[in-house]
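Containing mmCIF, C-alpha atoms and all ligand atoms: structure33.cif.
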```cif
data_target
loop_
_atom_site.label_atom_id
_atom_site.label_comp_id
_atom_site.auth_asym_id
_atom_site.auth_seq_id
_atom_site.Cartn_x
_atom_site.Cartn_y
_atom_site.Cartn_z
CA MET A 25 6.76 17.63 9.10
CA SER A 26 4.66 19.34 11.71
CA ASP A 27 3.64 17.46 14.89
CA THR A 28 0.05 18.67 14.66
CA ILE A 29 -2.44 15.84 15.04
CA ILE A 30 -5.23 16.43 12.57
CA PRO A 31 -8.62 15.56 14.08
CA THR A 32 -10.57 13.22 11.86
CA GLY A 33 -13.35 10.57 11.85
CA LEU A 34 -15.19 10.25 15.15
CA GLN A 35 -13.06 13.04 16.63
CA LEU A 36 -15.21 15.41 14.58
CA THR A 37 -18.46 14.11 16.05
CA VAL A 38 -20.28 14.31 19.39
CA PHE A 39 -18.83 10.93 20.36
CA ASP A 40 -15.58 12.77 21.08
CA GLU A 41 -15.35 14.52 24.46
CA THR A 42 -13.23 17.40 23.13
CA PHE A 43 -15.49 17.97 20.14
CA ARG A 44 -18.55 18.00 22.39
CA ASN A 45 -17.20 20.38 25.01
CA ARG A 46 -14.41 22.35 23.31
CA PRO A 47 -15.03 21.99 19.55
CA HIS A 48 -12.82 24.98 18.79
CA GLU A 49 -9.73 23.00 19.77
CA HIS A 50 -10.38 20.55 16.93
CA PHE A 51 -11.58 23.22 14.50
CA ASP A 52 -8.52 25.42 15.07
CA ALA A 53 -6.16 22.46 14.57
CA LEU A 54 -7.95 21.35 11.41
CA ARG A 55 -8.25 24.84 9.92
CA ALA A 56 -4.53 25.47 10.44
CA ALA A 57 -3.31 22.09 9.16
CA GLU A 58 -5.82 20.89 6.57
CA PRO A 59 -8.74 23.26 5.97
CA VAL A 60 -10.15 21.04 3.20
CA HIS A 61 -9.94 17.72 5.00
CA GLN A 62 -10.61 14.37 3.31
CA ASP A 63 -11.98 12.28 6.14
CA ARG A 64 -11.76 8.75 4.75
CA THR A 65 -12.90 7.06 7.98
CA LEU A 66 -16.38 8.57 7.94
CA GLY A 67 -16.46 9.43 4.25
CA ARG A 68 -16.71 13.18 4.01
CA VAL A 69 -14.83 16.35 3.15
CA ALA A 70 -14.73 18.66 6.19
CA LEU A 71 -14.42 22.42 5.67
CA THR A 72 -13.38 24.81 8.44
CA ARG A 73 -12.30 28.01 6.63
CA ALA A 74 -14.76 30.90 6.16
CA VAL A 75 -13.73 31.41 2.55
CA ASP A 76 -14.47 27.79 1.56
CA VAL A 77 -17.70 27.51 3.57
CA ALA A 78 -19.02 30.77 2.09
CA ALA A 79 -18.23 29.62 -1.45
CA VAL A 80 -19.79 26.17 -0.98
CA LEU A 81 -22.99 27.47 0.65
CA LYS A 82 -23.66 29.91 -2.15
CA ASP A 83 -22.78 27.52 -4.98
CA ARG A 84 -26.15 26.58 -6.46
CA SER A 85 -24.67 23.80 -8.58
CA LEU A 86 -24.17 21.71 -5.42
CA SER A 87 -26.93 19.34 -4.32
CA VAL A 88 -28.63 18.77 -0.93
CA ASP A 89 -30.38 15.63 -2.16
CA GLN A 90 -28.88 12.69 -0.25
CA ASP A 91 -29.59 10.31 -3.15
CA ASN A 92 -26.69 12.01 -4.93
CA ALA A 93 -24.14 11.03 -2.28
CA GLY A 94 -21.70 8.25 -3.18
CA PRO A 95 -21.88 4.76 -1.57
CA ASP A 96 -18.79 5.35 0.61
CA SER A 97 -19.99 8.68 1.92
CA ILE A 98 -21.13 9.31 5.50
CA VAL A 99 -24.61 9.94 4.11
CA GLN A 100 -25.14 6.44 2.70
CA LYS A 101 -23.31 4.69 5.54
CA PHE A 102 -25.72 5.96 8.19
CA ARG A 103 -28.98 6.31 6.26
CA THR A 104 -31.71 3.96 7.44
CA GLU A 105 -34.55 2.55 5.33
CA GLN A 106 -36.85 4.85 7.34
CA ASP A 107 -34.74 7.88 6.28
CA ARG A 108 -34.87 6.81 2.63
CA SER A 109 -38.64 6.42 2.53
CA ALA A 110 -39.54 9.54 4.58
CA PRO A 111 -41.32 12.34 2.67
CA ARG A 112 -38.82 14.97 1.61
CA SER A 113 -38.92 18.57 2.74
CA MET A 114 -37.43 21.47 0.82
CA LEU A 115 -34.36 21.34 3.07
CA VAL A 116 -33.25 18.19 1.21
CA LEU A 117 -34.60 18.97 -2.28
CA ASP A 118 -32.85 20.71 -5.15
CA ASP A 119 -34.39 23.10 -7.67
CA PRO A 120 -36.89 23.19 -9.24
CA ASP A 121 -38.75 21.37 -6.38
CA HIS A 122 -36.96 23.39 -3.72
CA ALA A 123 -37.59 26.76 -5.35
CA ARG A 124 -41.27 25.95 -5.87
CA LEU A 125 -41.87 24.94 -2.22
CA ARG A 126 -39.89 27.86 -0.86
CA ARG A 127 -41.78 30.37 -3.02
CA LEU A 128 -45.09 29.07 -1.75
CA VAL A 129 -44.26 29.41 1.96
CA SER A 130 -41.81 32.29 2.12
CA HIS A 131 -44.41 35.04 2.55
CA ALA A 132 -45.56 33.45 5.84
CA PHE A 133 -42.06 34.07 7.28
CA ASN A 134 -41.24 37.49 5.88
CA ALA A 135 -40.27 40.41 8.10
CA ARG A 136 -43.83 41.81 8.18
CA ALA A 137 -45.34 38.48 9.30
CA ILE A 138 -42.74 38.19 12.06
CA GLU A 139 -43.23 41.81 13.15
CA ALA A 140 -46.90 40.98 13.72
CA MET A 141 -45.94 38.01 15.94
CA LYS A 142 -43.72 40.01 18.31
CA PRO A 143 -46.36 41.02 20.92
CA GLU A 144 -47.48 37.40 21.10
CA VAL A 145 -43.88 36.20 21.61
CA ALA A 146 -43.49 38.69 24.50
CA ARG A 147 -46.77 37.54 26.05
CA ILE A 148 -45.73 33.86 25.90
CA ALA A 149 -42.27 34.67 27.34
CA ASP A 150 -43.88 36.59 30.23
CA GLU A 151 -46.24 33.72 30.98
CA LEU A 152 -43.36 31.24 31.15
CA LEU A 153 -41.45 33.59 33.47
CA ASP A 154 -44.54 33.98 35.71
CA ALA A 155 -44.39 30.23 36.27
CA VAL A 156 -40.83 30.32 37.70
CA GLU A 157 -41.30 33.50 39.76
CA GLY A 158 -40.39 32.83 43.41
CA GLN A 159 -38.30 29.70 42.75
CA ASP A 160 -34.77 29.60 44.21
CA SER A 161 -33.39 28.08 41.03
CA PHE A 162 -34.74 26.61 37.81
CA ASP A 163 -33.58 24.89 34.63
CA LEU A 164 -33.78 27.62 32.00
CA ILE A 165 -33.93 25.08 29.15
CA GLU A 166 -36.91 23.11 30.51
CA ALA A 167 -38.82 26.11 31.88
CA PHE A 168 -38.18 28.70 29.19
CA ALA A 169 -35.89 28.05 26.19
CA SER A 170 -37.59 24.79 25.16
CA PRO A 171 -41.29 25.69 25.54
CA LEU A 172 -41.00 29.22 24.08
CA PRO A 173 -40.46 28.27 20.39
CA ILE A 174 -42.85 25.30 20.63
CA ILE A 175 -45.69 27.49 21.95
CA VAL A 176 -44.92 30.23 19.40
CA ILE A 177 -45.04 27.83 16.42
CA ALA A 178 -48.16 26.13 17.86
CA ASP A 179 -49.79 29.56 17.98
CA MET A 180 -48.70 30.38 14.43
CA LEU A 181 -49.99 27.06 13.12
CA GLY A 182 -53.27 27.49 14.99
CA VAL A 183 -53.00 24.47 17.33
CA ASP A 184 -56.03 24.50 19.65
CA ALA A 185 -55.46 25.06 23.36
CA ALA A 186 -56.76 21.55 24.15
CA ASP A 187 -54.10 19.94 21.90
CA ARG A 188 -51.13 21.93 23.27
CA GLY A 189 -49.93 19.20 25.67
CA GLU A 190 -49.83 16.54 22.96
CA PHE A 191 -48.30 18.97 20.50
CA ARG A 192 -45.50 19.72 22.93
CA ARG A 193 -44.89 15.99 23.48
CA TRP A 194 -44.70 15.34 19.72
CA SER A 195 -42.46 18.35 19.16
CA LYS A 196 -40.03 17.19 21.84
CA GLY A 197 -40.19 13.61 20.52
CA LEU A 198 -38.99 14.81 17.13
CA ALA A 199 -35.64 15.72 18.69
CA ASN A 200 -34.65 12.05 18.70
CA VAL A 201 -34.26 12.26 14.91
CA PHE A 202 -30.90 13.84 15.67
CA SER A 203 -29.72 11.26 18.17
CA PRO A 204 -26.33 9.89 17.07
CA ILE A 205 -27.21 6.46 18.51
CA ARG A 206 -30.08 5.01 16.48
CA THR A 207 -31.31 1.84 18.18
CA PRO A 208 -34.31 -0.12 16.80
CA GLU A 209 -36.33 1.10 19.85
CA LEU A 210 -35.47 4.71 19.09
CA LEU A 211 -36.42 4.31 15.42
CA ALA A 212 -39.72 2.62 16.37
CA GLY A 213 -40.52 5.44 18.83
CA LEU A 214 -39.71 8.02 16.17
CA LYS A 215 -42.06 6.36 13.72
CA VAL A 216 -44.98 6.37 16.20
CA ASN A 217 -44.29 10.02 17.03
CA ALA A 218 -44.06 11.02 13.34
CA ASP A 219 -47.25 9.12 12.46
CA GLU A 220 -49.23 10.74 15.29
CA LEU A 221 -48.00 14.22 14.44
CA SER A 222 -48.67 13.77 10.71
CA ALA A 223 -52.18 12.46 11.46
CA TYR A 224 -52.78 15.51 13.63
CA PHE A 225 -51.68 17.86 10.83
CA ALA A 226 -53.71 15.97 8.20
CA HIS A 227 -56.79 16.34 10.40
CA ALA A 228 -56.12 20.06 10.99
CA ILE A 229 -55.66 20.63 7.23
CA ALA A 230 -58.98 18.89 6.46
CA ALA A 231 -60.73 21.05 9.08
CA ARG A 232 -59.18 24.31 7.71
CA ARG A 233 -60.22 23.43 4.16
CA VAL A 234 -63.83 23.52 5.39
CA ALA A 235 -63.41 26.46 7.76
CA PRO A 236 -60.27 28.55 7.16
CA ARG A 237 -58.84 30.58 10.05
CA GLY A 238 -56.21 33.31 10.24
CA ASP A 239 -53.40 30.82 10.97
CA LEU A 240 -50.37 29.41 9.17
CA ILE A 241 -52.03 26.11 8.20
CA SER A 242 -54.83 28.07 6.49
CA ALA A 243 -52.22 30.32 4.83
CA LEU A 244 -50.33 27.26 3.51
CA ILE A 245 -53.60 25.87 2.08
CA ALA A 246 -54.34 29.22 0.43
CA ALA A 247 -50.77 29.87 -0.81
CA GLU A 248 -50.76 30.20 -4.57
CA ASP A 249 -48.19 30.89 -7.23
CA GLY A 250 -49.91 31.20 -10.57
CA ARG A 251 -52.03 28.05 -10.60
CA ASP A 252 -49.64 26.16 -8.35
CA ARG A 253 -50.63 25.14 -4.83
CA LEU A 254 -49.25 22.88 -2.08
CA SER A 255 -50.78 19.40 -1.83
CA GLY A 256 -52.07 18.14 1.54
CA GLU A 257 -49.02 15.89 1.89
CA GLU A 258 -46.68 18.78 1.11
CA ILE A 259 -48.33 20.90 3.82
CA VAL A 260 -47.88 18.09 6.37
CA THR A 261 -44.20 17.77 5.39
CA MET A 262 -43.78 21.54 5.61
CA CYS A 263 -45.33 21.68 9.11
CA ASN A 264 -43.04 18.86 10.25
CA LEU A 265 -40.04 20.71 8.83
CA LEU A 266 -40.96 23.89 10.70
CA LEU A 267 -40.93 22.00 14.00
CA LEU A 268 -37.80 20.06 13.15
CA ALA A 269 -35.82 23.04 11.89
CA GLY A 270 -37.17 25.67 14.27
CA ASN A 271 -37.64 24.35 17.79
CA LEU A 272 -34.37 22.86 19.03
CA THR A 273 -32.37 25.47 17.17
CA THR A 274 -34.16 28.37 18.82
CA THR A 275 -33.95 26.64 22.22
CA ASP A 276 -30.19 26.32 21.75
CA LEU A 277 -29.87 29.94 20.63
CA ILE A 278 -31.59 31.16 23.81
CA GLY A 279 -29.68 28.70 26.04
CA ASN A 280 -26.28 29.47 24.49
CA THR A 281 -26.88 33.24 24.71
CA VAL A 282 -27.91 33.14 28.38
CA LEU A 283 -24.93 30.90 29.17
CA ALA A 284 -22.54 33.29 27.40
CA LEU A 285 -23.99 36.33 29.20
CA LEU A 286 -23.84 34.68 32.62
CA ALA A 287 -20.31 33.39 32.02
CA ASN A 288 -19.19 36.88 30.89
CA LEU A 289 -20.78 39.18 33.45
CA GLU A 290 -19.30 42.35 31.90
CA GLN A 291 -21.32 41.52 28.77
CA ARG A 292 -24.48 41.01 30.85
CA ALA A 293 -23.82 44.41 32.49
CA LYS A 294 -23.65 46.09 29.06
CA LEU A 295 -27.00 44.60 28.17
CA LEU A 296 -28.61 45.58 31.45
CA ALA A 297 -27.44 49.16 30.84
CA GLU A 298 -28.78 49.11 27.26
CA PRO A 299 -31.49 46.43 26.89
CA GLY A 300 -32.09 47.58 23.31
CA ARG A 301 -28.80 45.92 22.36
CA VAL A 302 -30.07 42.40 22.98
CA GLY A 303 -29.92 41.79 19.20
CA ASP A 304 -26.12 42.27 19.36
CA ALA A 305 -25.88 39.51 21.99
CA VAL A 306 -28.00 37.16 19.88
CA GLU A 307 -25.82 37.79 16.79
CA GLU A 308 -22.65 37.21 18.80
CA THR A 309 -24.00 33.85 19.98
CA LEU A 310 -24.93 32.92 16.42
CA ARG A 311 -21.34 33.69 15.45
CA ARG A 312 -19.42 32.09 18.30
CA ASP A 313 -21.75 29.37 19.57
CA PRO A 314 -24.24 28.57 16.77
CA PRO A 315 -27.10 26.09 17.29
CA VAL A 316 -26.47 24.27 13.98
CA MET A 317 -22.99 22.79 13.70
CA GLN A 318 -22.85 21.75 10.09
CA SER A 319 -24.59 21.66 6.76
CA LEU A 320 -24.18 19.24 3.87
CA ARG A 321 -23.59 19.75 0.14
CA ILE A 322 -22.91 17.17 -2.58
CA PRO A 323 -21.14 18.00 -5.87
CA LEU A 324 -22.73 16.42 -8.95
CA ALA A 325 -19.44 16.63 -10.86
CA ASP A 326 -15.77 16.50 -9.81
CA CYS A 327 -14.74 19.88 -8.44
CA ASP A 328 -12.02 21.69 -6.58
CA ILE A 329 -12.18 23.40 -3.20
CA GLY A 330 -9.24 25.56 -2.16
CA GLY A 331 -6.97 23.64 -4.56
CA VAL A 332 -8.05 20.19 -3.29
CA PRO A 333 -9.84 17.89 -5.76
CA VAL A 334 -13.28 16.80 -4.53
CA PRO A 335 -14.95 13.97 -6.49
CA ALA A 336 -18.61 13.94 -7.51
CA GLY A 337 -20.83 12.37 -4.83
CA SER A 338 -18.62 13.52 -1.92
CA ALA A 339 -20.40 14.54 1.27
CA ILE A 340 -19.08 18.05 1.92
CA THR A 341 -19.55 19.06 5.56
CA THR A 342 -19.38 22.80 6.09
CA PHE A 343 -18.62 23.35 9.78
CA LEU A 344 -20.56 26.58 10.37
CA MET A 345 -19.09 27.26 13.80
CA ALA A 346 -15.54 26.79 12.52
CA ALA A 347 -16.14 29.19 9.61
CA SER A 348 -17.70 31.89 11.81
CA THR A 349 -14.72 31.75 14.19
CA ASP A 350 -12.05 31.73 11.49
CA PRO A 351 -9.27 34.18 12.54
CA ALA A 352 -9.10 35.24 8.89
CA LEU A 353 -12.63 36.62 9.34
CA HIS A 354 -12.63 37.99 12.91
CA ALA A 355 -9.95 39.26 15.28
CA ASP A 356 -9.92 37.41 18.63
CA PRO A 357 -12.64 35.12 17.24
CA LEU A 358 -13.34 33.10 20.38
CA ALA A 359 -14.00 36.13 22.61
CA TYR A 360 -17.70 36.75 23.28
CA ASP A 361 -18.04 40.46 22.56
CA ILE A 362 -21.40 42.07 21.88
CA ASP A 363 -19.60 45.26 20.75
CA ARG A 364 -18.06 43.47 17.76
CA ALA A 365 -18.63 45.70 14.72
CA ASP A 366 -18.40 42.99 12.06
CA LYS A 367 -21.09 40.44 12.87
CA THR A 368 -20.58 38.16 9.85
CA HIS A 369 -21.49 34.53 10.59
CA PHE A 370 -22.79 31.39 8.89
CA ALA A 371 -25.25 30.23 11.57
CA PHE A 372 -28.20 30.32 9.17
CA GLY A 373 -26.36 28.71 6.27
CA GLY A 374 -26.35 30.59 2.97
CA GLY A 375 -27.40 30.56 -0.66
CA ALA A 376 -30.64 28.93 -1.82
CA HIS A 377 -31.28 27.16 1.52
CA PHE A 378 -30.56 30.15 3.79
CA CYS A 379 -32.73 29.63 6.89
CA LEU A 380 -36.32 30.57 6.19
CA GLY A 381 -36.99 31.03 9.90
CA ALA A 382 -34.07 33.39 10.64
CA PRO A 383 -36.27 36.48 11.31
CA LEU A 384 -38.51 34.44 13.61
CA ALA A 385 -35.59 32.83 15.48
CA ARG A 386 -33.91 36.23 15.96
CA ALA A 387 -37.15 37.77 17.24
CA GLU A 388 -37.88 34.93 19.66
CA ALA A 389 -34.37 34.93 21.10
CA ALA A 390 -34.16 38.74 21.39
CA ILE A 391 -37.60 39.16 22.96
CA GLY A 392 -37.18 36.10 25.21
CA ILE A 393 -33.82 37.26 26.59
CA GLU A 394 -34.94 40.86 26.94
CA ARG A 395 -37.98 39.76 29.01
CA LEU A 396 -35.85 37.32 31.04
CA LEU A 397 -33.25 39.95 32.05
CA ALA A 398 -35.91 42.60 32.68
CA ARG A 399 -37.61 40.20 35.12
CA PHE A 400 -34.43 38.81 36.72
CA PRO A 401 -31.58 41.35 36.32
CA ALA A 402 -29.47 39.45 38.89
CA LEU A 403 -29.84 36.14 37.04
CA ALA A 404 -26.77 33.96 37.67
CA LEU A 405 -25.52 30.43 37.00
CA ALA A 406 -26.57 28.08 39.79
CA GLY A 407 -23.20 26.32 39.73
CA LYS A 408 -24.40 22.93 38.47
CA PRO A 409 -22.27 21.10 35.86
CA ILE A 410 -23.09 22.07 32.30
CA GLU A 411 -23.35 19.23 29.80
CA ARG A 412 -23.68 19.61 26.04
CA ASN A 413 -26.43 17.71 24.25
CA MET A 414 -25.53 14.44 22.54
CA SER A 415 -26.82 15.59 19.17
CA ALA A 416 -25.36 14.93 15.76
CA ALA A 417 -26.55 18.22 14.33
CA PHE A 418 -27.09 20.73 17.11
CA ASN A 419 -24.99 22.60 19.62
CA GLY A 420 -26.68 23.32 22.91
CA VAL A 421 -26.78 22.45 26.58
CA ARG A 422 -28.95 19.74 28.11
CA GLU A 423 -29.84 21.77 31.22
CA LEU A 424 -28.98 25.29 32.36
CA TRP A 425 -29.67 25.81 36.05
CA VAL A 426 -29.92 29.47 37.05
CA THR A 427 -30.76 31.44 40.18
CA PRO A 428 -33.09 34.35 39.52
CA ALA A 429 -32.13 36.46 42.57
CA ALA A 430 -28.71 37.51 43.89
C1 LIG A 501 -32.74 26.08 7.00
C2 LIG A 501 -30.32 27.30 11.02
C3 LIG A 501 -34.49 28.53 13.20
C4 LIG A 501 -36.92 26.99 9.35
C5 LIG A 501 -31.72 26.34 7.91
C6 LIG A 501 -30.32 26.17 7.63
C7 LIG A 501 -29.65 26.48 8.75
C8 LIG A 501 -30.62 26.88 9.75
C9 LIG A 501 -28.13 26.43 8.96
C10 LIG A 501 -29.71 25.79 6.28
C11 LIG A 501 -29.39 24.35 6.18
C12 LIG A 501 -28.61 24.06 4.93
O1 LIG A 501 -28.20 24.97 4.19
O2 LIG A 501 -28.33 22.90 4.68
C13 LIG A 501 -31.24 27.74 11.95
C14 LIG A 501 -30.90 28.28 13.25
C15 LIG A 501 -32.08 28.64 13.86
C16 LIG A 501 -33.16 28.31 12.94
C17 LIG A 501 -29.49 28.42 13.79
C18 LIG A 501 -32.34 29.23 15.20
C19 LIG A 501 -31.46 29.91 15.86
C20 LIG A 501 -35.52 28.26 12.33
C21 LIG A 501 -36.92 28.50 12.59
C22 LIG A 501 -37.60 28.04 11.51
C23 LIG A 501 -36.63 27.53 10.57
C24 LIG A 501 -37.49 29.18 13.85
C25 LIG A 501 -39.08 28.04 11.24
C26 LIG A 501 -40.01 27.97 12.15
C27 LIG A 501 -35.99 26.60 8.40
C28 LIG A 501 -36.36 26.06 7.10
C29 LIG A 501 -35.16 25.79 6.43
C30 LIG A 501 -34.08 26.18 7.32
C31 LIG A 501 -37.77 25.83 6.59
C32 LIG A 501 -35.00 25.20 5.02
C33 LIG A 501 -34.82 26.32 4.03
C34 LIG A 501 -34.57 25.80 2.63
O3 LIG A 501 -34.23 24.62 2.45
O4 LIG A 501 -34.73 26.61 1.69
N1 LIG A 501 -31.88 26.78 9.19
N2 LIG A 501 -32.60 27.76 11.81
N3 LIG A 501 -35.37 27.67 11.10
N4 LIG A 501 -34.62 26.68 8.51
FE1 LIG A 501 -33.62 27.33 10.11
#
```

Would you mind writing the file out in structure tokens?
Amino acid sequence: MSDTIIPTGLQLTVFDETFRNRPHEHFDALRAAEPVHQDRTLGRVALTRAVDVAAVLKDRSLSVDQDNAGPDSIVQKFRTEQDRSAPRSMLVLDDPDHARLRRLVSHAFNARAIEAMKPEVARIADELLDAVEGQDSFDLIEAFASPLPIIVIADMLGVDAADRGEFRRWSKGLANVFSPIRTPELLAGLKVNADELSAYFAHAIAARRVAPRGDLISALIAAEDGRDRLSGEEIVTMCNLLLLAGNLTTTDLIGNTVLALLANLEQRAKLLAEPGRVGDAVEETLRRDPPVMQSLRIPLADCDIGGVPVPAGSAITTFLMAASTDPALHADPLAYDIDRADKTHFAFGGGAHFCLGAPLARAEAAIGIERLLARFPALALAGKPIERNMSAAFNGVRELWVTPAA
């Protein structure tokens, strides 16, 4: 018998101090001892090996529809009435509904559409940096990493300048969806926020039907596949999903990359010498310190993962960070090395639900960090304590205080 203590239950959540601050300690222990782990306390099967996570993500017979999860699973234990009755986005729908919705929106996020956004992303990044110019220190999350994706998506959607303040408030309010502590007050606040945001989108959709513009809301109204179109309610749900899936994640990608570069100054030096390699730094963060921790799949029939039987209705948690730092995949997997030749990672999931916004997220992070280091080449950590967010789904820091000048 080995003495290894296998982390399980709450130890694999943000309620655990080690998981929050040094998740690799738990992932390494689990991967070595029980890579397909039946967690009976919380009711899930936790995967930490790259081979299993890759296979599960690309298996299109598995469901993402939470209705298919068994009564003892983590999904049903923590699902509120509000969750059950909320309109469903494609993220939690199976085919054919998922394929239909994805087909109708995918062109708005293809490489050409994102290429066209790049000058605008650079302009927004520069404006945010203008605002901190001359300060002795600033919180990079509040001043830069958080507003950048919110302003970019507001621009893409066509939110009017006068509504930007409210839009930012709603976008930030959405983050509470991922709070692991769900008090009645929090749920009530979430409902008000969601209702206001949905009413705003419904109003914008009605206005664009009368007078279309060159923005994403107009494109979603016009999107056609044969005779199929998105309904007004589907467009509202889609817009909500874009904010929910795209804002905090991109904030965390920028924050985690800057933190890694400032904690590994030889890596920052490489980037300052060759700013064109910023994409390598972004990929290395996606691999070693990804914004999304986990993704869920539910088998509709009994199956087998790595020789372990997994019953129908199980909640399979693929730990994306654990898979991307599997020593079977990468040598010295915890080192942050922008020169790494093999950049394989699972940060954007895989298979049918592979992140639709990946080209946009990569562009925002690369342009944002390139502009930041060009403006402040001597950027350094200000020496304040760094705390991870208390979020069930995401991996990022609450604040990141930096000093722009040496
Ligand atoms: C799906 C990660 C940014 C829109 C996903 C999934 C992951 C992910 C892991 C798959 C979830 C699953 O398989 O269960 C990330 C990360 C991002 C990011 C790490 C930033 C670094 C964005 C952005 C947008 C976006 C900027 C759009 C504005 C979506 C959508 C889906 C998705 C719509 C659902 C796709 C589907 O169900 O077919 N993302 N995302 N994401 N993401 Fe992202």

- [ ] Please provide as a PyMOL selection string all residues within 12 Å of Leu296 in chain A, with the sequence filter that same-chain residues fewer than 2 positions apart are discarded (counting all atoms listed in the file).
- [x] chain A and resi 285-286+289-294+298-302+305+393-403

Practice item. Name the residues, using the chain letters and numbers of the file, that sit within 12 Å of (-18.4, 17.8, 0.0) when counting only C-alpha atoms, and give them as a PyMOL selection string. Key: chain A and resi 60-63+67-71+76-77+79-81+83+86-88+90+92-94+97-99+318-329+332-343

- prompt: Do you know which residues are within 8 Å of ligand LIG 501 (chain A) using only C-alpha atoms and all ligand atoms? Can you write them as an NGL selection string?
  reply: :A and (81 or 88 or 113-117 or 122-123 or 126 or 133 or 173 or 177 or 262 or 265-277 or 310 or 314-321 or 344 or 370-386 or 389)

- Task: Would you kindly return, as an NGL selection string, each protein, DNA or RNA residue with an atom no farther than 10 Å from any atom of Ile410 in chain A, considering only C-alpha atoms and excluding same-chain residues fewer than 3 positions away?
- Result: :A and (45 or 283 or 405 or 407 or 413 or 421-425)

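Across the structure, CA of Thr65 in chain A and CA of Gly33 in chain A are spaced 5.2 Å apart.
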
Can you pull out the residues contacting Thr72 in chain A? Cut-off 6 Å, using all atoms listed in the file, and skip same-chain residues under 2 positions away; I want them as a short mmCIF file (atom, residue, chain, number, x, y, z; two decimals) with C-alpha atoms, keeping the file's coordinate frame.
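Saved file part02.cif follows:
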```cif
data_model
loop_
_atom_site.label_atom_id
_atom_site.label_comp_id
_atom_site.auth_asym_id
_atom_site.auth_seq_id
_atom_site.Cartn_x
_atom_site.Cartn_y
_atom_site.Cartn_z
CA ARG A 55 -8.25 24.84 9.92
CA PRO A 59 -8.74 23.26 5.97
CA PHE A 343 -18.62 23.35 9.78
CA ALA A 346 -15.54 26.79 12.52
CA ALA A 347 -16.14 29.19 9.61
#
```

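One distance worth recording is that between CA of Lys142 in chain A and CA of Ile175 in chain A, which is 13.2 Å.
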
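Nearest residue to Thr309 in chain A among A:Trp194, A:Tyr360, A:Tyr224, A:Phe162 is A:Tyr360, counting all atoms listed in the file.
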
The residue from A:Thr42, A:Ala53, A:Asp313, A:Leu240 with the smallest atom-to-atom distance to Ile29 in chain A, counting only C-alpha atoms, is A:Ala53

May I have the residues within 12 Å of Asp219 in chain A as a JSON list (two decimals) with C-alpha atoms, in the coordinates of the input, using only C-alpha atoms and disregarding those fewer than 5 positions away in the same chain?
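Just written: out-v6.json:
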```json
[["chain", "number", "residue", "atom", "x", "y", "z"],
["A", 110, "ALA", "CA", -39.54, 9.54, 4.58],
["A", 111, "PRO", "CA", -41.32, 12.34, 2.67],
["A", 194, "TRP", "CA", -44.70, 15.34, 19.72],
["A", 197, "GLY", "CA", -40.19, 13.61, 20.52],
["A", 198, "LEU", "CA", -38.99, 14.81, 17.13],
["A", 212, "ALA", "CA", -39.72, 2.62, 16.37],
["A", 213, "GLY", "CA", -40.52, 5.44, 18.83],
["A", 214, "LEU", "CA", -39.71, 8.02, 16.17],
["A", 224, "TYR", "CA", -52.78, 15.51, 13.63],
["A", 225, "PHE", "CA", -51.68, 17.86, 10.83],
["A", 226, "ALA", "CA", -53.71, 15.97, 8.20],
["A", 260, "VAL", "CA", -47.88, 18.09, 6.37],
["A", 261, "THR", "CA", -44.20, 17.77, 5.39],
["A", 264, "ASN", "CA", -43.04, 18.86, 10.25]]
```

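From CA of Val176 in chain A back to CA of Ile138 in chain A, the distance works out to 11.0 Å.
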
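Counting all atoms listed in the file and comparing A:Pro204, A:Gly303, A:Pro351, A:Pro236, the residue that lies closest to Ala416 in chain A is A:Pro204.
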
Any idea what's packed within 9 Å of Arg124 in chain A, counting only C-alpha atoms, ignoring anything in its chain fewer than 5 positions away? Could you give it as a VMD selection string? chain A and resid 114 119 249 252

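Among A:Arg112, A:Arg84, A:Arg73, A:Arg46, the residue with the shortest atom-to-atom distance to His369 in chain A, counting only C-alpha atoms, is A:Arg73.
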
Closest of A:Ser348, A:Ser242, A:Asn419, A:Asn288 to Val183 in chain A, counting all atoms listed in the file, is A:Ser242

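The nearest approach to Leu153 in chain A among the residues A:Ala169, A:Ile278, A:Ala140, A:Ile245, with only C-alpha atoms taken into account, belongs to A:Ala169.
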